[in-house]
$ cat model.txt   # compact mmCIF, C-alpha atoms
# COMPACT_ATOMS: atom_id res chain seq x y z
CA MET A 213 13.14 23.66 -52.08
CA GLU A 214 10.80 22.66 -54.90
CA PRO A 215 8.51 19.70 -53.98
CA LEU A 216 8.75 16.51 -56.03
CA ALA A 217 5.91 14.84 -57.86
CA GLU A 218 5.50 11.19 -56.89
CA ASP A 219 6.82 9.98 -60.25
CA GLU A 220 10.00 12.03 -59.79
CA VAL A 221 11.17 10.29 -56.60
CA TYR A 222 12.93 7.47 -58.45
CA GLY A 223 14.81 10.00 -60.56
CA VAL A 224 16.16 11.62 -57.40
CA ILE A 225 17.05 8.59 -55.23
CA GLY A 226 17.27 5.80 -57.83
CA GLU A 227 17.64 2.07 -57.18
CA GLU A 228 20.25 2.75 -54.52
CA GLY A 229 17.92 4.91 -52.44
CA PHE A 230 15.09 2.39 -52.51
CA THR A 231 17.52 -0.45 -51.80
CA LYS A 232 18.90 1.38 -48.73
CA LEU A 233 15.42 2.24 -47.47
CA VAL A 234 13.92 -1.22 -47.84
CA ALA A 235 17.02 -2.94 -46.42
CA ALA A 236 16.87 -0.64 -43.37
CA PHE A 237 13.20 -1.55 -42.94
CA TYR A 238 13.66 -5.32 -43.24
CA ARG A 239 16.67 -5.40 -40.89
CA GLN A 240 14.23 -4.46 -38.12
CA ILE A 241 11.46 -6.95 -38.93
CA PRO A 242 12.78 -10.31 -37.62
CA ALA A 243 13.19 -9.03 -34.04
CA ASP A 244 9.89 -7.15 -33.94
CA ASP A 245 7.29 -8.77 -31.68
CA ILE A 246 4.29 -7.54 -33.72
CA LEU A 247 5.46 -7.64 -37.33
CA GLY A 248 8.13 -10.34 -37.14
CA PRO A 249 5.63 -13.20 -36.87
CA MET A 250 3.73 -11.93 -39.94
CA TYR A 251 6.76 -12.30 -42.21
CA PRO A 252 7.72 -15.88 -43.05
CA LYS A 253 11.41 -16.13 -42.19
CA LYS A 254 12.05 -18.32 -45.23
CA ASP A 255 10.70 -15.59 -47.53
CA LEU A 256 12.04 -12.45 -45.87
CA GLU A 257 14.38 -11.85 -48.81
CA GLY A 258 11.46 -12.25 -51.23
CA ALA A 259 9.31 -9.83 -49.22
CA GLU A 260 12.15 -7.32 -49.27
CA GLN A 261 12.50 -7.64 -53.03
CA ARG A 262 8.74 -7.28 -53.59
CA LEU A 263 8.52 -4.10 -51.49
CA ARG A 264 11.58 -2.61 -53.18
CA GLU A 265 10.24 -3.38 -56.67
CA PHE A 266 6.77 -2.05 -55.76
CA LEU A 267 8.20 1.24 -54.48
CA ILE A 268 10.46 1.62 -57.51
CA PHE A 269 7.48 1.13 -59.83
CA ARG A 270 5.16 3.32 -57.76
CA PHE A 271 7.55 6.25 -57.67
CA GLY A 272 8.60 6.50 -61.30
CA GLY A 273 11.12 3.72 -61.87
CA PRO A 274 11.15 0.64 -64.08
CA LEU A 275 7.95 -1.42 -64.23
CA ARG A 276 9.52 -4.71 -63.05
CA TYR A 277 6.93 -5.10 -60.28
CA LEU A 278 4.04 -4.90 -62.76
CA GLU A 279 5.80 -7.21 -65.20
CA ASN A 280 6.44 -9.85 -62.52
CA ARG A 281 3.41 -9.52 -60.23
CA GLY A 282 0.75 -7.59 -62.10
CA HIS A 283 -1.44 -4.94 -60.50
CA PRO A 284 -0.43 -4.37 -56.86
CA ARG A 285 -3.91 -5.12 -55.36
CA LEU A 286 -2.49 -4.19 -51.97
CA ARG A 287 -5.60 -4.87 -49.90
CA MET A 288 -6.08 -8.30 -51.46
CA ARG A 289 -2.41 -9.25 -51.03
CA HIS A 290 -2.44 -8.17 -47.38
CA ALA A 291 -5.83 -9.67 -46.48
CA PRO A 292 -4.32 -12.84 -44.93
CA PHE A 293 -2.30 -10.76 -42.46
CA PRO A 294 -3.96 -9.37 -39.31
CA VAL A 295 -3.36 -5.66 -39.82
CA ASP A 296 -4.94 -3.77 -36.94
CA THR A 297 -4.05 -0.28 -35.72
CA GLY A 298 -1.23 -1.69 -33.57
CA ALA A 299 0.36 -3.44 -36.55
CA ARG A 300 -0.18 -0.34 -38.69
CA ASP A 301 1.45 1.89 -36.10
CA ARG A 302 4.41 -0.45 -35.69
CA TRP A 303 4.89 -0.71 -39.47
CA VAL A 304 4.93 3.09 -39.71
CA GLU A 305 7.32 3.37 -36.76
CA ILE A 306 9.76 0.93 -38.36
CA MET A 307 9.49 2.61 -41.75
CA ASP A 308 10.05 6.02 -40.16
CA ARG A 309 13.26 4.67 -38.57
CA ALA A 310 14.26 3.21 -41.94
CA LEU A 311 13.72 6.60 -43.59
CA ALA A 312 15.93 8.23 -40.96
CA GLU A 313 18.64 5.59 -41.45
CA ALA A 314 18.55 5.74 -45.25
CA GLN A 315 19.10 9.53 -45.24
CA LEU A 316 17.39 10.06 -48.58
CA ASP A 317 17.04 13.40 -50.31
CA PRO A 318 14.63 15.41 -48.13
CA ARG A 319 12.40 16.09 -51.13
CA ALA A 320 11.95 12.34 -51.67
CA GLU A 321 11.35 11.75 -47.97
CA ALA A 322 8.66 14.47 -48.03
CA VAL A 323 6.78 12.38 -50.62
CA LEU A 324 7.49 8.92 -49.19
CA ARG A 325 6.65 9.51 -45.52
CA PRO A 326 3.00 10.58 -46.04
CA PHE A 327 2.56 7.84 -48.64
CA PHE A 328 3.68 5.18 -46.13
CA HIS A 329 1.40 6.57 -43.43
CA GLN A 330 -1.61 6.65 -45.76
CA VAL A 331 -1.09 3.21 -47.26
CA ALA A 332 -0.50 1.64 -43.85
CA THR A 333 -3.84 3.05 -42.70
CA PHE A 334 -5.53 1.86 -45.90
CA LEU A 335 -4.32 -1.71 -45.22
CA ILE A 336 -5.96 -2.01 -41.78
CA ASN A 337 -8.22 -5.04 -42.09
CA ARG A 338 -8.94 -6.04 -38.49
CA ASN A 339 -10.33 -4.29 -35.44
CA SER A 340 -7.88 -3.87 -32.61
CA PRO A 341 -8.80 -5.99 -29.60
CA GLY A 342 -9.99 -4.06 -26.59
CA PRO A 343 -8.33 -4.28 -23.16
CA GLY A 344 -8.18 -7.87 -21.98
CA LEU A 345 -9.31 -9.25 -25.34
CA HIS A 346 -7.14 -11.32 -27.64
CA ALA A 347 -7.49 -11.41 -31.38

$ encode --input "model.txt" --output "C-alpha cells"
Amino acid sequence: MEPLAEDEVYGVIGEEGFTKLVAAFYRQIPADDILGPMYPKKDLEGAEQRLREFLIFRFGGPLRYLENRGHPRLRMRHAPFPVDTGARDRWVEIMDRALAEAQLDPRAEAVLRPFFHQVATFLINRNSPGPGLHA
C-alpha cells in the first residue's frame, strides 16, 4: 500500500469522507463532560462546518476555509478555550472513535490520525491541575 501525501487525502476520500468524519466527531461532543461545555450549543453546527472546511482545505481540497476565514491561526483561535492535557486526550479519543466510525480509506486514516494527535498536542494552552486542584 503506497502512502499518501497530505495533499492527496482529499482526492481519496473527498467531501463525503470529511463530512462523515466530522459528523461522527460532533455527534459525540454534546454529551461529553470535558469537551461538551467548550462548544456553544447554539453554534455546534457552525463549529462542525468550520472543522470540515479546515480539514478539506488542509488536505488538498477546495480553499473555502481560507476564502471565508483566512489563515487558520489555530493557536489564536483556540486560546479562549482551556485546552489542557485532559482536554487534548479526550479530543483525540473522540476523533479516534470518529475515524473508526467513518471507515475511511486506510491510507487517508494513516495520514489523518497522526495529524490529529500532533495538532491536539500543539493546541494545549493550559497546565493540567494537579490532584485536588481545580482550574

$ closest_residue --input "model.txt" --among "A:Gly248, A:Pro318, A:Gly298, A:Gly272" --to "Glu227 (chain A)" --atoms "all atoms listed in the file"
A:Gly272

$ residues_around --input "model.txt" --residues "Asp308 (chain A)" --least-positions-apart "5" --cutoff "9 Å" --atoms "all atoms listed in the file" --output "ChimeraX atom specification"
/A:237,303,313,325,328

$ closest_residue --input "model.txt" --among "A:Pro242, A:Pro249, A:Pro274, A:Gly258" --to "Gly223 (chain A)" --atoms "all atoms listed in the file"
A:Pro274

$ atom_distance --input "model.txt" --atom1 "CA of Arg300 (chain A)" --atom2 "CA of Asn280 (chain A)"
26.5 Å

$ closest_residue --input "model.txt" --among "A:Asp296, A:Glu305, A:Glu321, A:Glu228" --to "Asp244 (chain A)" --atoms "only C-alpha atoms"
A:Glu305
